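Everything below concerns the one structure shown next.
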Amino acid sequence: MRAALVTSFDAPPQVADIPVPVPTEGGSLGTVLASALHPRVRSQADGSHYTTTGDLPLVPGVDGVARDENGDLRYFVQETGAMAEQVALDPRRSVVLPAGVDPVVIAAAMNPAMSSWIALRRRIEVAPGSRVLIMGATGNAGRMAVQIARRLGAAHIAAAGRDPERLAALPGLGADDVIELGGEADTVRDALAEVGRDVDVVLDYLWGEPTAAALRAIVPARADDSRPLTWIEIGSVTGPESPIPSAALRATNLRIVGSGQGSVAPRDILEELPGLAAEISRGGYDIAARAVPLRDVTAAWFDAATTTERLVIVPD
């Protein structure tokens with residue numbers, strides 16, 4: 001069968017012929033209909049993700065939609081191998097989707113939606129009426145986080161990001177306030193301080209210096225220092241390290257946690273798949289997805305670095 005194949009962490013994948021995978025006991029062979037090219041996959045393919053083993057060659061892709069041997073559509077997750085014509089499906093790591101859903105939309109939405117869904121359901125028990133700040137809200141995962149937070153009952157959502165055009169669209173997706181992080185430093189600080197007075201949860205896709213700057217603005221502005229503030233680190237778009245001011249941890253009731261593979265047990269992630277798949281399948285989410293044939297996967301790798309759309313690899 002044909003698949004995207006990574007033979008070097010310094011080069012994008014190329015289409016190649018590889019053996020058909022062999023399902024484990026209780027599994028079955030599925031025909032892949034869609035697999036999204038999201039940042040988790042790109043970091044897997046360049047060897048930079050923290051779960052990378054360094055083993056090559058590998059078929060990239062950690063999730064997708066496939067048709068199983070019974071004709072059902074399944075959303076599946078696995079460590080590697082999704083960007084291929086066929087995949088070995090494990091019923092414990094996949095969920096049947098409703099008939100008639102668009103595989104491209106499901107594949108595009110599930111991974112970015114999962115980051116905020118898991119964070120708000122497994123790393124914190126977010127209460128209805130909570131106030132949420134999303135750092136990095138103009139990325140695909142951040143845009144989904146605005147929508148997920150609203151669906152999960154957030155009363156107020158502030159969205160912070162650097163892309164003015166994408167920020168302007170976020171009120172239509174559920175954001176109550178937007179903060180342009182690329183603006184004048186004093187203006188940004190004041191806006192973060194205003195939002196931070198009574199924010200309960202921060203979903204942080206940025207890390208790096210923007211996180212430190214946000215904490216320096218928010219902590220002194222807290223209306224009630226004893227009010228819990230949970231800062232959930234999900235991504236590190238602006239840097240893997242952040243110079244967190246020590247006073248932030250002493251001056252307010254701040255809890256910094258991470259959300260990702262390891263901090264959330266695999267069984268817990270799998271338990272969330274049916275609910276999230278059902279939620280996405282109900283529709284009503286704004287998802288910018290574009291299908292790309294498998295034969296064009298190398299070109300798609302370069303496009304993914306600049307486009308705001310979620311590229312989804314589909315059969316030729």
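Ordered as shown in the structure tokens, chains take letters A, B, and onward, while each chain numbers its residues from 1 and ligands are numbered from 1 in the order shown.
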Step one, run DSSP on the backbone; step two, keep only residues of segment 1-200 of chain A assigned to helix (DSSP H, G or I); then write them as a ChimeraX atom specification.
/A:39-45,91-93,103-123,140-151,164-173,185-196
Restricted to C-alpha atoms, what would the selected residues look like written as a JSON list (two decimals), in the first residue's frame?
[["chain", "number", "residue", "atom", "x", "y", "z"],
["A", 39, "PRO", "CA", 1.30, 20.51, 14.67],
["A", 40, "ARG", "CA", 1.45, 17.28, 16.69],
["A", 41, "VAL", "CA", 2.07, 15.37, 13.44],
["A", 42, "ARG", "CA", 4.64, 17.85, 12.16],
["A", 43, "SER", "CA", 6.61, 17.64, 15.42],
["A", 44, "GLN", "CA", 6.42, 13.85, 15.22],
["A", 45, "ALA", "CA", 7.85, 13.93, 11.70],
["A", 91, "PRO", "CA", -11.52, -1.04, 18.90],
["A", 92, "ARG", "CA", -10.13, 0.23, 22.22],
["A", 93, "ARG", "CA", -8.58, 3.23, 20.48],
["A", 103, "PRO", "CA", -14.54, 12.49, 7.44],
["A", 104, "VAL", "CA", -12.47, 15.55, 6.50],
["A", 105, "VAL", "CA", -14.27, 17.77, 9.02],
["A", 106, "ILE", "CA", -13.98, 15.17, 11.80],
["A", 107, "ALA", "CA", -10.29, 14.57, 11.10],
["A", 108, "ALA", "CA", -9.60, 18.32, 11.01],
["A", 109, "ALA", "CA", -11.47, 19.07, 14.24],
["A", 110, "MET", "CA", -10.78, 16.24, 16.65],
["A", 111, "ASN", "CA", -7.12, 16.84, 17.49],
["A", 112, "PRO", "CA", -7.31, 20.62, 18.02],
["A", 113, "ALA", "CA", -10.61, 20.22, 19.89],
["A", 114, "MET", "CA", -9.17, 17.45, 22.03],
["A", 115, "SER", "CA", -6.53, 19.73, 23.53],
["A", 116, "SER", "CA", -9.04, 22.05, 25.20],
["A", 117, "TRP", "CA", -11.67, 19.34, 25.75],
["A", 118, "ILE", "CA", -9.20, 17.17, 27.68],
["A", 119, "ALA", "CA", -7.77, 20.14, 29.57],
["A", 120, "LEU", "CA", -11.20, 21.33, 30.71],
["A", 121, "ARG", "CA", -12.49, 17.88, 31.58],
["A", 122, "ARG", "CA", -9.45, 15.97, 32.82],
["A", 123, "ARG", "CA", -6.95, 18.55, 34.12],
["A", 140, "ASN", "CA", -6.56, 26.28, 14.92],
["A", 141, "ALA", "CA", -6.49, 24.71, 18.40],
["A", 142, "GLY", "CA", -7.09, 28.09, 20.03],
["A", 143, "ARG", "CA", -10.08, 28.82, 17.79],
["A", 144, "MET", "CA", -11.53, 25.44, 18.70],
["A", 145, "ALA", "CA", -10.82, 26.17, 22.38],
["A", 146, "VAL", "CA", -13.04, 29.27, 22.22],
["A", 147, "GLN", "CA", -15.88, 27.15, 20.86],
["A", 148, "ILE", "CA", -15.28, 24.20, 23.22],
["A", 149, "ALA", "CA", -15.11, 26.43, 26.30],
["A", 150, "ARG", "CA", -18.43, 28.00, 25.35],
["A", 151, "ARG", "CA", -20.05, 24.61, 24.79],
["A", 164, "PRO", "CA", -5.69, 40.77, 14.06],
["A", 165, "GLU", "CA", -7.78, 39.34, 11.25],
["A", 166, "ARG", "CA", -8.36, 36.02, 13.02],
["A", 167, "LEU", "CA", -8.94, 37.78, 16.33],
["A", 168, "ALA", "CA", -11.70, 39.84, 14.74],
["A", 169, "ALA", "CA", -13.56, 36.64, 13.87],
["A", 170, "LEU", "CA", -13.47, 35.17, 17.39],
["A", 171, "PRO", "CA", -16.44, 37.08, 18.88],
["A", 172, "GLY", "CA", -18.54, 35.27, 16.29],
["A", 173, "LEU", "CA", -17.28, 31.98, 17.71],
["A", 185, "ALA", "CA", 3.12, 46.73, 25.42],
["A", 186, "ASP", "CA", 1.22, 48.99, 27.81],
["A", 187, "THR", "CA", -2.07, 48.36, 26.02],
["A", 188, "VAL", "CA", -1.54, 44.61, 26.07],
["A", 189, "ARG", "CA", -0.59, 44.66, 29.75],
["A", 190, "ASP", "CA", -3.68, 46.70, 30.67],
["A", 191, "ALA", "CA", -5.99, 44.43, 28.67],
["A", 192, "LEU", "CA", -4.55, 41.29, 30.29],
["A", 193, "ALA", "CA", -4.81, 42.89, 33.74],
["A", 194, "GLU", "CA", -8.47, 43.76, 33.18],
["A", 195, "VAL", "CA", -9.35, 40.24, 32.06],
["A", 196, "GLY", "CA", -7.11, 38.70, 34.71]]
Contacts of Leu229 of chain A at 9 Å or less, counting only C-alpha atoms, minus same-chain residues fewer than 4 places along, as a PDB file with C-alpha atoms, in the first residue's frame?
ATOM      1  CA  ASP A 198     -11.336  37.524  37.931  1.00  0.00           C
ATOM      2  CA  VAL A 199     -10.294  34.865  35.392  1.00  0.00           C
ATOM      3  CA  ASP A 200     -10.562  31.271  36.646  1.00  0.00           C
ATOM      4  CA  VAL A 201      -8.801  29.239  33.941  1.00  0.00           C
ATOM      5  CA  VAL A 202      -6.120  30.012  31.365  1.00  0.00           C
ATOM      6  CA  THR A 252      -1.936  34.605  44.406  1.00  0.00           C
ATOM      7  CA  ASN A 253      -3.636  31.219  44.476  1.00  0.00           C
ATOM      8  CA  LEU A 254      -2.020  30.108  41.220  1.00  0.00           C
ATOM      9  CA  ARG A 255      -1.800  26.512  40.032  1.00  0.00           C
ATOM     10  CA  ILE A 256       0.204  25.731  36.886  1.00  0.00           C
TER      11      ILE A 256
END
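We find atom CA of Tyr205 of chain A and atom CA of Pro274 of chain A to be spaced 24.3 Å apart.
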Picked from segment 14-250 of chain A by DSSP as strand (DSSP E or B), as JSON, numbers by chain
{"A": [14, 15, 16, 17, 28, 29, 30, 31, 32, 33, 34, 35, 36, 37, 58, 63, 64, 65, 66, 67, 73, 74, 75, 76, 77, 84, 86, 87, 88, 89, 94, 95, 96, 131, 132, 133, 134, 135, 156, 157, 158, 159, 160, 161, 177, 178, 179, 180, 201, 202, 203, 204, 229, 230, 231, 232, 233]}
Nearest-residue call for Val257 of chain A, choices A:Ala277, A:Ile124, A:Ala291, A:Val312, using only C-alpha atoms:
A:Ile124
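Nearest residue to Ala16 of chain A among A:Asp90, A:Glu309, A:Asp55, A:Glu85 is A:Glu85, counting only C-alpha atoms.
Distances here use only C-alpha atoms; by that measure, the residue among A:Ala212, A:Leu73, A:Ala84, A:Ala251 closest to Val101 of chain A is A:Leu73.
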